[in-house]
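Trainee: This is the structure I want to talk about, given as structure tokens.
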Amino acid sequence: MNRPTLRERLRYRSDQFFQSGFTLQLFISSLIIFAVAMGFYLLVELFQINPGSEFGGEGASGEGPLWPSGRLWWVVTHMLETYWFETTTFSQILSTLLTLFNFLVFAAIIGLVGSRIQQRLEQVRRGTSRVIEEDHIVILGWSGKVIPIIRELSEGLEGGRQVYVIHTERPIDEIETRMRKNCRKDRSVRWVIRQGSMTDIRDLEILAIERARVVIILQRDQGVERGDAQVIKTVMAAAHIIEQNPGVPGATPVMIAEIIHPSMVRLTRAAARSVPISIIQPLEHLSRIILQTARQQGLVDVYDEILSHHSNEVHLLPADVLTGRSWEETVFSFRAAIPIGILRDGIPHLAPQHWRSAFTVTDRDVIIALARNEGAMRISAPVIPSSPAPPTGAHDEVQRSVRNLLLLGWNDKVYPLLKEYAGYARTAGSQFSVTLVSPGIPADLRAGEVAAIIDSGSELKISIARVDYLRAGVYEDLEPARFDAVIVLGDTFTNAQIEDADTRVIMTLLLLRSLREQGGNGVASILPGQQIVGEILNVSNKALAESTGTVRDVIISNDLVSRIIAQVCRDRRIEMIIRDFLDEEGMEIYFKSVLRYAPDGEELTFDQLLLAALHQGESAIGYCTETSGGPRRIVLNPDRQLTLRIGEELSLIVIASGEEGAV
């Protein structure tokens with residue numbers, strides 16, 4: 001290769017100059033200015049230019065020049081200013097050259113400083129400075145759950161200013177725009193956005209994770225590296241920072257990680273090492289809520305309230321003051337809250353009178369109660385009401401089982417939902433059936449493979465139909481009237497005419513309504529009594545889904561998961577309680593006819609109904625009224641002295657071990 005030319009050398013050096021740091025650039029520029037000034041000064045000295053009296057030259061009066069040389073001062077002032085008038089040709093030429101040099105050099109310096117300021121502004125916009133906060137909430141990863149989480153936490157966390165540090169790989173301008181559009185920013189709520197890699201320790205170190213209250217690690221909506229592996233790597237990086245950098249003494253941050261596959265839970269806990277971590281499994285939680293709602297109309301409204309900060313929610317209180325009291329006495333020691341269980345040795349026990357009749361509270365127990373706020377958890381002397389008369393007639397045999405399920409749509413929730421449904425069938429001791437309908441079902445997937453994946457045997461009969469359920473003609477073959485419940489999941493697949501999942505759900509609900517309205521015209525219609533559950537991803541689409549008049553229960557996936565995460569942020573022990581609520585083998589929430597607890601036509605206080613439920617090993621948490629064709633009204637933790645009339649339209653909302661008497 002030929003030796004580089006002078007031009008190439010100069011170009012290379014200039015490139016190096018512009019790629020160098022600001023300090024080096026400024027130093028080199030100063031050297032050039034000094035060298036040019038010295039060069040012109042030598043010329044002025046060489047040709048003995050008389051700078052005039054104002055520079056301390058000939059004819060000057062006074063004390064003389066401040067500078068050692070009047071000619072050097074003449075050079076400097078001509079470099080700095082452009083309005084001097086010269087009388088000789090040579091001095092005019094020199095002053096003109098100095099003025100031109102002034103334009104070039106100082107324009108370059110202004111550009112250099114301006115570019116540096118621009119770089120600094122870009123750094124500020126990218127968020128490269130270290131976060132100087134304590135007791136803040138760090139959210140790693142951007143998804144549709146971030147804004148609902150901040151909304152819930154802003155309502156539920158009390159005391160002082162709340163700071164949310166959001167770390168994302170997306171452009172900060174985009175995130176800032178979304179936050180300002182959807183969240184209220186005031187003196188009590190503030191957010192800080194930083195951009196960088198979720199798995200790079202150097203990027204995470206600036207977030208002050210070691211001084212945070214909670215570190216939330218979410219699955220990203222998009223990106224090259226997604227899923228559980230990315231979350232586990234982020235957990236490892238965050239745990240390393242917390243362990244290596246001691247934060248506030250005695251206040252180790254709690255990590256909350258969102259994990260999709262159950263097989264990754266153990267690995268995630270190992271990645272956290274000694275740092276406490278709570279793991280949220282959105283697919284498991286949502287599939288169970290969807291299935292429970294398919295079995296119990298209105299159940300999603302109960303979960304909405306329990307998981308929200310603006311109304312009744314789960315609160316925990318040490319039980320040392322209640323030591324030695326029976327569970328019945330404990331329940332009636334609260335007037336504005338309803339105890340629903342206890343935490344003993346870190347394990348939740350809901351409706352403890354069910355698993356131990358002679359139950360007494362110990363000083364190690366923690367009371368689990370449903371209350372509007374911490375102030376409602378006041379303890380008083382127990383006031384036990386009079387027991388209501390026993391119910392007339394047998395109501396235990398009245399139960400509604402979902403033995404035939406139609407599942408429209410295909411997404412990641414299908415397998416955990418079917419696994420829970422199979423467990424429900426085994427508990428019932430009979431064979432259930434489910435029909436999966438979606439063009440998005442993999443072409444090579446067979447019913448036997450699905451049964452093997454969910455570990456199901458003969459208790460669940462699975463049928464698969466790879467057809468588009470948005471076509472009305474499909475339902476003539478499906479015979480939807482034979483199903484006890486219909487679940488419409490958010491479904492996306494390649495080459496779909498309508499790709500948005502929420503839009504497909506809304507269109508499906510419209511189609512089901514049309515089938516219900518033309519029930520007598522030879523079409524296998526949707527029956528009026530069938531339970532239809534729709535899954536919506538975006539809360540803004542809920543009103544549209546409900547406006548179809550087909551679905552009574554709309555489940556907003558991102559919103560529910562966000563509420564669960566927000567509740568665990570408040571107290572990480574709530575994670576175990578929520579799991580117990582959703583576990584098919586544990587205690588569940590049911591709507592049960594009030595006629596199981598008292599005679600028809602009686603007028604009783606809610607306190608008396610609460611006592612009647614306790615005698616049957618259940619915990620009543622509210623009631624539901626519903627008239628024929630009228631709106632459903634659900635009330636949790638009502639006034640304990642509220643009088644209710646016993647009748648068919650009234651149901652109790654209870655925590656129980658079985659669905660006997662469920663409506």
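Identifiers for the structure tokens are assigned positionally: chains receive A, B, ... in sequence, residues are indexed from 1 per chain, and ligands are indexed from 1 in the order shown.
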Which neighbours of Ala485 of chain A fall inside 8 Å, counting only C-alpha atoms, when residues of the same chain fewer than 5 positions from it are skipped, and could you give them as a PyMOL selection string?
Mentor: chain A and resi 294-295+402+404-406+530-533
Trainee: Leaving out segment 537-543 of chain A and any residue of its chain fewer than 2 positions from it, which residues lie within 8 Å of it when counting only C-alpha atoms, given as a tab-separated table (two decimals) with N, CA, C and O atoms, in the first residue's frame?
Mentor:
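Okay, part-v4.tsv is ready:
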chain	number	residue	atom	x	y	z
A	490	GLY	N	-57.73	-13.00	23.65
A	490	GLY	CA	-57.04	-12.15	22.67
A	490	GLY	C	-56.23	-13.03	21.74
A	490	GLY	O	-55.37	-13.79	22.18
A	501	ALA	N	-55.56	-7.86	18.67
A	501	ALA	CA	-56.22	-8.86	19.51
A	501	ALA	C	-57.51	-8.32	20.11
A	501	ALA	O	-58.54	-9.01	20.11
A	502	ASP	N	-57.49	-7.09	20.64
A	502	ASP	CA	-58.71	-6.54	21.24
A	502	ASP	C	-59.82	-6.37	20.21
A	502	ASP	O	-61.00	-6.60	20.51
A	535	GLU	N	-61.48	-11.43	27.07
A	535	GLU	CA	-60.17	-10.93	27.52
A	535	GLU	C	-59.77	-9.72	26.68
A	535	GLU	O	-59.72	-9.80	25.45
A	545	ALA	N	-66.10	-3.33	24.51
A	545	ALA	CA	-66.44	-4.74	24.69
A	545	ALA	C	-67.75	-4.89	25.45
A	545	ALA	O	-68.60	-5.72	25.10
A	546	GLU	N	-67.93	-4.09	26.50
A	546	GLU	CA	-69.16	-4.18	27.28
A	546	GLU	C	-70.36	-3.66	26.50
A	546	GLU	O	-71.50	-4.12	26.71
A	547	SER	N	-70.13	-2.73	25.58
A	547	SER	CA	-71.24	-2.17	24.82
A	547	SER	C	-71.85	-3.17	23.84
A	547	SER	O	-72.93	-2.92	23.32
A	554	VAL	N	-65.67	-8.71	31.56
A	554	VAL	CA	-64.53	-8.37	30.71
A	554	VAL	C	-63.29	-8.36	31.59
A	554	VAL	O	-63.24	-7.64	32.59
A	556	ILE	N	-59.42	-7.48	31.88
A	556	ILE	CA	-58.37	-6.66	31.28
A	556	ILE	C	-57.04	-7.22	31.76
A	556	ILE	O	-56.64	-7.00	32.91
A	557	SER	N	-56.35	-7.94	30.91
A	557	SER	CA	-55.17	-8.71	31.32
A	557	SER	C	-54.09	-7.83	31.93
A	557	SER	O	-53.66	-8.05	33.06
A	558	ASN	N	-53.61	-6.85	31.18
A	558	ASN	CA	-52.51	-6.01	31.68
A	558	ASN	C	-52.89	-5.30	32.96
A	558	ASN	O	-52.07	-5.13	33.87
A	559	ASP	N	-54.14	-4.87	33.06
A	559	ASP	CA	-54.57	-4.12	34.22
A	559	ASP	C	-54.58	-5.01	35.47
A	559	ASP	O	-54.15	-4.59	36.55
Trainee: Name all residues at most 6 Å from segment 427-443 of chain A (count only C-alpha atoms; drop same-chain ones fewer than 4 positions away) and give them as a CSV table (one decimal) with N, CA, C and O atoms, in the first residue's frame.
Mentor:
chain,number,residue,atom,x,y,z
A,403,ARG,N,-69.0,-27.8,32.7
A,403,ARG,CA,-68.5,-29.1,32.2
A,403,ARG,C,-68.2,-29.1,30.8
A,403,ARG,O,-67.4,-30.0,30.3
A,404,ASN,N,-68.7,-28.2,30.0
A,404,ASN,CA,-68.4,-28.1,28.6
A,404,ASN,C,-68.0,-26.6,28.3
A,404,ASN,O,-68.8,-25.7,28.5
A,405,LEU,N,-66.8,-26.5,27.8
A,405,LEU,CA,-66.2,-25.1,27.7
A,405,LEU,C,-65.9,-24.9,26.2
A,405,LEU,O,-65.2,-25.7,25.6
A,406,LEU,N,-66.2,-23.7,25.7
A,406,LEU,CA,-65.8,-23.3,24.3
A,406,LEU,C,-64.8,-22.2,24.5
A,406,LEU,O,-65.1,-21.2,25.1
A,407,LEU,N,-63.6,-22.4,23.9
A,407,LEU,CA,-62.5,-21.5,24.0
A,407,LEU,C,-62.2,-20.9,22.6
A,407,LEU,O,-61.7,-21.7,21.7
A,408,LEU,N,-62.5,-19.7,22.4
A,408,LEU,CA,-62.3,-19.0,21.1
A,408,LEU,C,-61.0,-18.1,21.2
A,408,LEU,O,-61.0,-17.2,22.1
A,409,GLY,N,-60.0,-18.4,20.4
A,409,GLY,CA,-58.8,-17.7,20.4
A,409,GLY,C,-57.7,-18.6,20.9
A,409,GLY,O,-57.9,-19.6,21.6
A,459,GLU,N,-60.1,-37.3,32.2
A,459,GLU,CA,-61.0,-36.3,32.8
A,459,GLU,C,-61.3,-35.1,31.9
A,459,GLU,O,-62.3,-34.4,32.2
A,460,LEU,N,-60.5,-34.9,30.9
A,460,LEU,CA,-60.7,-33.7,30.0
A,460,LEU,C,-60.7,-34.2,28.6
A,460,LEU,O,-59.6,-34.6,28.1
A,461,LYS,N,-61.8,-34.0,27.9
A,461,LYS,CA,-61.8,-34.4,26.5
A,461,LYS,C,-61.6,-33.1,25.7
A,461,LYS,O,-62.3,-32.1,25.8
A,462,ILE,N,-60.6,-33.1,24.8
A,462,ILE,CA,-60.1,-31.9,24.1
A,462,ILE,C,-60.5,-32.1,22.6
A,462,ILE,O,-60.1,-33.1,22.0
A,463,SER,N,-61.1,-31.1,22.0
A,463,SER,CA,-61.3,-31.0,20.6
A,463,SER,C,-60.7,-29.7,20.0
A,463,SER,O,-60.7,-28.7,20.7
A,464,ILE,N,-60.2,-29.8,18.8
A,464,ILE,CA,-59.5,-28.7,18.1
A,464,ILE,C,-60.2,-28.4,16.8
A,464,ILE,O,-60.5,-29.3,16.0
A,465,ALA,N,-60.5,-27.1,16.5
A,465,ALA,CA,-61.0,-26.7,15.3
A,465,ALA,C,-60.2,-25.5,14.8
A,465,ALA,O,-60.2,-24.4,15.4
A,466,ARG,N,-59.5,-25.7,13.7
A,466,ARG,CA,-58.7,-24.6,13.1
A,466,ARG,C,-59.5,-23.8,12.1
A,466,ARG,O,-59.2,-23.9,10.9
A,467,VAL,N,-60.4,-23.1,12.6
A,467,VAL,CA,-61.3,-22.2,11.7
A,467,VAL,C,-61.3,-20.8,12.3
A,467,VAL,O,-61.1,-20.6,13.5
A,468,ASP,N,-61.7,-19.9,11.5
A,468,ASP,CA,-61.8,-18.5,12.0
A,468,ASP,C,-63.2,-18.3,12.6
A,468,ASP,O,-64.3,-18.4,11.9
A,493,PHE,N,-52.7,-13.9,14.8
A,493,PHE,CA,-52.0,-14.9,14.0
A,493,PHE,C,-51.7,-14.3,12.7
A,493,PHE,O,-52.2,-13.3,12.2
Trainee: Kindly provide the residues of segment 627-652 of chain A that approach segment 603-621 of chain A to within 9 Å, each paired with its closest atom pair and their distance in Å to one decimal, based on only C-alpha atoms, listed by chain and increasing number, as a tab-separated table.
Mentor:
residue	atom	partner	partner_atom	distance
A:Val635	CA	A:Ile621	CA	8.7
A:Leu636	CA	A:Ile621	CA	5.8
A:Asn637	CA	A:Ile621	CA	5.7
A:Pro638	CA	A:Phe606	CA	7.6
A:Asp639	CA	A:Phe606	CA	7.4
A:Arg640	CA	A:Asp607	CA	5.1
A:Gln641	CA	A:Thr605	CA	5.2
A:Leu642	CA	A:Thr605	CA	5.2
A:Thr643	CA	A:Thr605	CA	4.2
A:Leu644	CA	A:Leu604	CA	5.5
A:Arg645	CA	A:Glu603	CA	4.5
A:Ile646	CA	A:Glu603	CA	6.2
A:Leu652	CA	A:Ala620	CA	6.6
Trainee: Given the selection you just returned, output its residues as a file containing N, CA and C atoms, formatted as a PDB file, in the first residue's frame.
Mentor:
ATOM      1  N   VAL A 635     -71.236  -5.635  46.595  1.00  0.00           N
ATOM      2  CA  VAL A 635     -70.783  -4.811  47.710  1.00  0.00           C
ATOM      3  C   VAL A 635     -69.869  -5.663  48.584  1.00  0.00           C
ATOM      4  N   LEU A 636     -68.649  -5.240  48.736  1.00  0.00           N
ATOM      5  CA  LEU A 636     -67.704  -5.920  49.610  1.00  0.00           C
ATOM      6  C   LEU A 636     -67.550  -5.141  50.903  1.00  0.00           C
ATOM      7  N   ASN A 637     -67.328  -5.872  51.996  1.00  0.00           N
ATOM      8  CA  ASN A 637     -67.128  -5.281  53.314  1.00  0.00           C
ATOM      9  C   ASN A 637     -68.177  -4.205  53.595  1.00  0.00           C
ATOM     10  N   PRO A 638     -69.476  -4.589  53.593  1.00  0.00           N
ATOM     11  CA  PRO A 638     -70.522  -3.588  53.823  1.00  0.00           C
ATOM     12  C   PRO A 638     -70.604  -3.207  55.300  1.00  0.00           C
ATOM     13  N   ASP A 639     -71.455  -2.249  55.583  1.00  0.00           N
ATOM     14  CA  ASP A 639     -71.760  -1.896  56.968  1.00  0.00           C
ATOM     15  C   ASP A 639     -72.281  -3.144  57.676  1.00  0.00           C
ATOM     16  N   ARG A 640     -71.667  -3.488  58.797  1.00  0.00           N
ATOM     17  CA  ARG A 640     -71.995  -4.751  59.462  1.00  0.00           C
ATOM     18  C   ARG A 640     -73.427  -4.750  60.018  1.00  0.00           C
ATOM     19  N   GLN A 641     -74.001  -3.574  60.253  1.00  0.00           N
ATOM     20  CA  GLN A 641     -75.366  -3.500  60.761  1.00  0.00           C
ATOM     21  C   GLN A 641     -76.398  -3.300  59.653  1.00  0.00           C
ATOM     22  N   LEU A 642     -75.938  -3.386  58.400  1.00  0.00           N
ATOM     23  CA  LEU A 642     -76.849  -3.242  57.272  1.00  0.00           C
ATOM     24  C   LEU A 642     -77.853  -4.398  57.263  1.00  0.00           C
ATOM     25  N   THR A 643     -79.130  -4.082  57.117  1.00  0.00           N
ATOM     26  CA  THR A 643     -80.188  -5.098  57.109  1.00  0.00           C
ATOM     27  C   THR A 643     -80.475  -5.528  55.678  1.00  0.00           C
ATOM     28  N   LEU A 644     -80.485  -6.835  55.460  1.00  0.00           N
ATOM     29  CA  LEU A 644     -80.725  -7.408  54.141  1.00  0.00           C
ATOM     30  C   LEU A 644     -81.916  -8.363  54.216  1.00  0.00           C
ATOM     31  N   ARG A 645     -82.721  -8.353  53.169  1.00  0.00           N
ATOM     32  CA  ARG A 645     -83.876  -9.255  53.108  1.00  0.00           C
ATOM     33  C   ARG A 645     -83.470 -10.518  52.358  1.00  0.00           C
ATOM     34  N   ILE A 646     -83.687 -11.645  52.959  1.00  0.00           N
ATOM     35  CA  ILE A 646     -83.291 -12.929  52.386  1.00  0.00           C
ATOM     36  C   ILE A 646     -84.243 -13.280  51.254  1.00  0.00           C
ATOM     37  N   LEU A 652     -74.541 -14.350  48.804  1.00  0.00           N
ATOM     38  CA  LEU A 652     -73.404 -14.002  49.638  1.00  0.00           C
ATOM     39  C   LEU A 652     -72.124 -14.277  48.863  1.00  0.00           C
TER      40      LEU A 652
END
Trainee: I need the residues of segment 414-583 of chain A that end up classed as strand (DSSP E) by DSSP on the backbone, written out as a ChimeraX atom specification.
Mentor: /A:432-437,460-465,485-488,531-536,553-556
Trainee: Could you write those residues out with N, CA, C and O atoms, as a JSON list (two decimals), in the first residue's frame?
Mentor:
[["chain", "number", "residue", "atom", "x", "y", "z"],
["A", 432, "PHE", "N", -64.95, -33.63, 31.82],
["A", 432, "PHE", "CA", -65.30, -32.36, 31.23],
["A", 432, "PHE", "C", -64.81, -32.35, 29.78],
["A", 432, "PHE", "O", -64.01, -33.20, 29.37],
["A", 433, "SER", "N", -65.29, -31.36, 29.03],
["A", 433, "SER", "CA", -64.85, -31.23, 27.63],
["A", 433, "SER", "C", -64.54, -29.78, 27.32],
["A", 433, "SER", "O", -65.15, -28.86, 27.89],
["A", 434, "VAL", "N", -63.59, -29.57, 26.41],
["A", 434, "VAL", "CA", -63.24, -28.23, 25.96],
["A", 434, "VAL", "C", -62.99, -28.28, 24.46],
["A", 434, "VAL", "O", -62.39, -29.23, 23.95],
["A", 435, "THR", "N", -63.50, -27.27, 23.76],
["A", 435, "THR", "CA", -63.30, -27.16, 22.32],
["A", 435, "THR", "C", -62.49, -25.91, 22.04],
["A", 435, "THR", "O", -62.90, -24.80, 22.41],
["A", 436, "LEU", "N", -61.34, -26.09, 21.40],
["A", 436, "LEU", "CA", -60.44, -24.99, 21.06],
["A", 436, "LEU", "C", -60.69, -24.59, 19.61],
["A", 436, "LEU", "O", -60.59, -25.43, 18.71],
["A", 437, "VAL", "N", -60.97, -23.30, 19.40],
["A", 437, "VAL", "CA", -61.28, -22.82, 18.05],
["A", 437, "VAL", "C", -60.41, -21.60, 17.76],
["A", 437, "VAL", "O", -60.50, -20.57, 18.44],
["A", 460, "LEU", "N", -60.52, -34.89, 30.91],
["A", 460, "LEU", "CA", -60.74, -33.74, 30.03],
["A", 460, "LEU", "C", -60.67, -34.19, 28.57],
["A", 460, "LEU", "O", -59.63, -34.65, 28.10],
["A", 461, "LYS", "N", -61.78, -34.04, 27.88],
["A", 461, "LYS", "CA", -61.85, -34.36, 26.46],
["A", 461, "LYS", "C", -61.59, -33.08, 25.66],
["A", 461, "LYS", "O", -62.29, -32.08, 25.83],
["A", 462, "ILE", "N", -60.58, -33.11, 24.81],
["A", 462, "ILE", "CA", -60.15, -31.92, 24.08],
["A", 462, "ILE", "C", -60.45, -32.07, 22.60],
["A", 462, "ILE", "O", -60.14, -33.11, 21.99],
["A", 463, "SER", "N", -61.08, -31.05, 22.02],
["A", 463, "SER", "CA", -61.34, -31.01, 20.58],
["A", 463, "SER", "C", -60.70, -29.74, 20.01],
["A", 463, "SER", "O", -60.67, -28.70, 20.66],
["A", 464, "ILE", "N", -60.21, -29.84, 18.78],
["A", 464, "ILE", "CA", -59.52, -28.72, 18.13],
["A", 464, "ILE", "C", -60.19, -28.41, 16.80],
["A", 464, "ILE", "O", -60.46, -29.33, 16.00],
["A", 465, "ALA", "N", -60.46, -27.13, 16.55],
["A", 465, "ALA", "CA", -61.01, -26.69, 15.26],
["A", 465, "ALA", "C", -60.20, -25.49, 14.78],
["A", 465, "ALA", "O", -60.24, -24.43, 15.41],
["A", 485, "ALA", "N", -70.14, -22.46, 29.09],
["A", 485, "ALA", "CA", -69.48, -21.15, 29.12],
["A", 485, "ALA", "C", -68.65, -20.98, 27.87],
["A", 485, "ALA", "O", -68.19, -21.96, 27.26],
["A", 486, "VAL", "N", -68.45, -19.72, 27.48],
["A", 486, "VAL", "CA", -67.63, -19.37, 26.32],
["A", 486, "VAL", "C", -66.57, -18.36, 26.78],
["A", 486, "VAL", "O", -66.90, -17.37, 27.43],
["A", 487, "ILE", "N", -65.32, -18.65, 26.45],
["A", 487, "ILE", "CA", -64.21, -17.75, 26.76],
["A", 487, "ILE", "C", -63.62, -17.25, 25.45],
["A", 487, "ILE", "O", -63.26, -18.05, 24.58],
["A", 488, "VAL", "N", -63.52, -15.93, 25.31],
["A", 488, "VAL", "CA", -62.94, -15.32, 24.11],
["A", 488, "VAL", "C", -61.60, -14.70, 24.51],
["A", 488, "VAL", "O", -61.56, -13.72, 25.26],
["A", 531, "GLN", "N", -72.54, -18.15, 30.30],
["A", 531, "GLN", "CA", -71.53, -17.20, 30.77],
["A", 531, "GLN", "C", -70.51, -16.99, 29.66],
["A", 531, "GLN", "O", -69.95, -17.95, 29.13],
["A", 532, "ILE", "N", -70.30, -15.73, 29.28],
["A", 532, "ILE", "CA", -69.33, -15.38, 28.24],
["A", 532, "ILE", "C", -68.31, -14.43, 28.86],
["A", 532, "ILE", "O", -68.67, -13.40, 29.42],
["A", 533, "VAL", "N", -67.04, -14.80, 28.77],
["A", 533, "VAL", "CA", -65.95, -14.01, 29.34],
["A", 533, "VAL", "C", -65.05, -13.54, 28.20],
["A", 533, "VAL", "O", -64.64, -14.35, 27.35],
["A", 534, "GLY", "N", -64.76, -12.27, 28.16],
["A", 534, "GLY", "CA", -63.88, -11.72, 27.13],
["A", 534, "GLY", "C", -62.59, -11.17, 27.73],
["A", 534, "GLY", "O", -62.62, -10.53, 28.79],
["A", 535, "GLU", "N", -61.48, -11.43, 27.07],
["A", 535, "GLU", "CA", -60.17, -10.93, 27.52],
["A", 535, "GLU", "C", -59.77, -9.72, 26.68],
["A", 535, "GLU", "O", -59.72, -9.80, 25.45],
["A", 536, "ILE", "N", -59.49, -8.62, 27.35],
["A", 536, "ILE", "CA", -59.06, -7.38, 26.70],
["A", 536, "ILE", "C", -57.68, -7.02, 27.23],
["A", 536, "ILE", "O", -57.42, -7.13, 28.43],
["A", 553, "ASP", "N", -68.68, -10.20, 31.77],
["A", 553, "ASP", "CA", -67.41, -10.10, 32.49],
["A", 553, "ASP", "C", -66.30, -9.87, 31.48],
["A", 553, "ASP", "O", -66.03, -10.73, 30.64],
["A", 554, "VAL", "N", -65.67, -8.71, 31.56],
["A", 554, "VAL", "CA", -64.53, -8.37, 30.71],
["A", 554, "VAL", "C", -63.29, -8.36, 31.59],
["A", 554, "VAL", "O", -63.24, -7.64, 32.59],
["A", 555, "ILE", "N", -62.31, -9.15, 31.22],
["A", 555, "ILE", "CA", -61.07, -9.24, 31.98],
["A", 555, "ILE", "C", -59.99, -8.47, 31.23],
["A", 555, "ILE", "O", -59.70, -8.77, 30.07],
["A", 556, "ILE", "N", -59.42, -7.48, 31.88],
["A", 556, "ILE", "CA", -58.37, -6.66, 31.28],
["A", 556, "ILE", "C", -57.04, -7.22, 31.76],
["A", 556, "ILE", "O", -56.64, -7.00, 32.91]]
Trainee: Would you pick out the contacts of Ile132 of chain A at 12 Å or less, using only C-alpha atoms, so that residues sharing its chain but fewer than 5 positions from it are not included, and give the list as a list in words?
Mentor: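 Near Ile132 of chain A, the qualifying residues are Val163, Val165, Val192, Glu205, Ile206, Leu207, Ala208, Ile209, Glu210, Arg211 and Ala212 of chain A.
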Trainee: Selection from above, all heavy atoms, as a compact mmCIF listing (two decimals), in the first residue's frame, can you write it?
Mentor:
# COMPACT_ATOMS: atom_id res chain seq x y z
N VAL A 163 -41.38 8.58 44.05
CA VAL A 163 -40.49 8.73 42.89
C VAL A 163 -40.40 7.39 42.19
O VAL A 163 -40.09 6.37 42.81
CB VAL A 163 -39.09 9.22 43.32
CG1 VAL A 163 -38.19 9.36 42.09
CG2 VAL A 163 -39.19 10.54 44.06
N VAL A 165 -38.47 5.44 39.13
CA VAL A 165 -37.35 5.45 38.20
C VAL A 165 -37.61 4.37 37.16
O VAL A 165 -37.62 3.18 37.48
CB VAL A 165 -36.02 5.20 38.93
CG1 VAL A 165 -34.88 5.15 37.93
CG2 VAL A 165 -35.77 6.30 39.96
N VAL A 192 -38.58 9.52 36.93
CA VAL A 192 -37.27 9.74 36.33
C VAL A 192 -37.06 8.63 35.31
O VAL A 192 -37.27 7.45 35.62
CB VAL A 192 -36.15 9.70 37.39
CG1 VAL A 192 -34.80 9.91 36.74
CG2 VAL A 192 -36.41 10.75 38.48
N GLU A 205 -26.35 0.54 37.48
CA GLU A 205 -25.74 1.13 38.67
C GLU A 205 -26.16 2.57 38.90
O GLU A 205 -26.15 3.05 40.04
CB GLU A 205 -24.21 1.04 38.57
CG GLU A 205 -23.66 -0.34 38.88
CD GLU A 205 -22.16 -0.40 38.71
OE1 GLU A 205 -21.61 0.44 37.97
OE2 GLU A 205 -21.54 -1.30 39.30
N ILE A 206 -26.53 3.29 37.84
CA ILE A 206 -26.90 4.69 38.01
C ILE A 206 -28.31 4.85 38.56
O ILE A 206 -28.75 5.97 38.84
CB ILE A 206 -26.79 5.45 36.66
CG1 ILE A 206 -27.86 4.98 35.67
CG2 ILE A 206 -25.40 5.30 36.07
CD1 ILE A 206 -27.92 5.80 34.41
N LEU A 207 -29.06 3.75 38.74
CA LEU A 207 -30.45 3.84 39.16
C LEU A 207 -30.62 3.84 40.68
O LEU A 207 -31.75 3.92 41.17
CB LEU A 207 -31.25 2.67 38.57
CG LEU A 207 -31.18 2.48 37.05
CD1 LEU A 207 -31.99 1.26 36.64
CD2 LEU A 207 -31.67 3.73 36.33
N ALA A 208 -29.52 3.72 41.42
CA ALA A 208 -29.57 3.67 42.90
C ALA A 208 -30.48 2.55 43.36
O ALA A 208 -31.30 2.71 44.27
CB ALA A 208 -30.02 5.01 43.47
N ILE A 209 -30.32 1.37 42.73
CA ILE A 209 -31.15 0.22 43.07
C ILE A 209 -30.98 -0.17 44.53
O ILE A 209 -31.95 -0.56 45.20
CB ILE A 209 -30.81 -0.96 42.14
CG1 ILE A 209 -31.35 -0.69 40.73
CG2 ILE A 209 -31.34 -2.27 42.67
CD1 ILE A 209 -30.99 -1.75 39.72
N GLU A 210 -29.76 -0.06 45.04
CA GLU A 210 -29.49 -0.48 46.42
C GLU A 210 -30.24 0.36 47.45
O GLU A 210 -30.43 -0.06 48.59
CB GLU A 210 -27.99 -0.45 46.70
CG GLU A 210 -27.36 0.93 46.71
CD GLU A 210 -27.04 1.48 45.32
OE1 GLU A 210 -27.35 0.78 44.33
OE2 GLU A 210 -26.48 2.59 45.24
N ARG A 211 -30.69 1.57 47.06
CA ARG A 211 -31.41 2.43 47.99
C ARG A 211 -32.91 2.47 47.70
O ARG A 211 -33.64 3.25 48.32
CB ARG A 211 -30.85 3.86 47.95
CG ARG A 211 -29.39 3.96 48.38
CD ARG A 211 -28.98 5.41 48.61
NE ARG A 211 -29.15 6.24 47.42
CZ ARG A 211 -28.25 6.38 46.46
NH1 ARG A 211 -27.09 5.75 46.55
NH2 ARG A 211 -28.48 7.15 45.41
N ALA A 212 -33.37 1.64 46.77
CA ALA A 212 -34.78 1.66 46.38
C ALA A 212 -35.64 0.90 47.38
O ALA A 212 -35.15 0.09 48.17
CB ALA A 212 -34.94 1.06 44.98
Trainee: Between atom CA of Asp600 of chain A and atom CA of Arg632 of chain A, what distance in Å does the model show, to one decimal?
Mentor: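 Atom CA of Asp600 of chain A sits 20.3 Å away from atom CA of Arg632 of chain A.
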Trainee: So which one's closest to Ala271 of chain A, A:Asn245, A:Ser380, A:Gln292, A:Gln230? Using only C-alpha atoms, please.
Mentor: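 Between A:Asn245, A:Ser380, A:Gln292, A:Gln230, the residue approaching Ala271 of chain A most closely is A:Gln230.
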Trainee: If you count only C-alpha atoms, which residues fall within 8 Å of Ser657 of chain A, apart from same-chain ones fewer than 3 positions away, as a list in words?
Mentor: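 My reading of the contact set: Gly586, Met587, Glu588 and Glu618 of chain A.
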Trainee: Applying 10 Å and only C-alpha atoms, which residues near Gln567 of chain A remain after dropping the ones on its own chain fewer than 2 positions away? List them as a ChimeraX atom specification.
Mentor: /A:149,152-153,156-157,306-309,313-315,561-565,569-575,578
Trainee: Record the distance separating atom CA of Leu140 of chain A and atom CA of Lys233 of chain A, expressed in Å with one decimal.
Mentor: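 According to the coordinates, atom CA of Leu140 of chain A and atom CA of Lys233 of chain A are separated by 11.8 Å.
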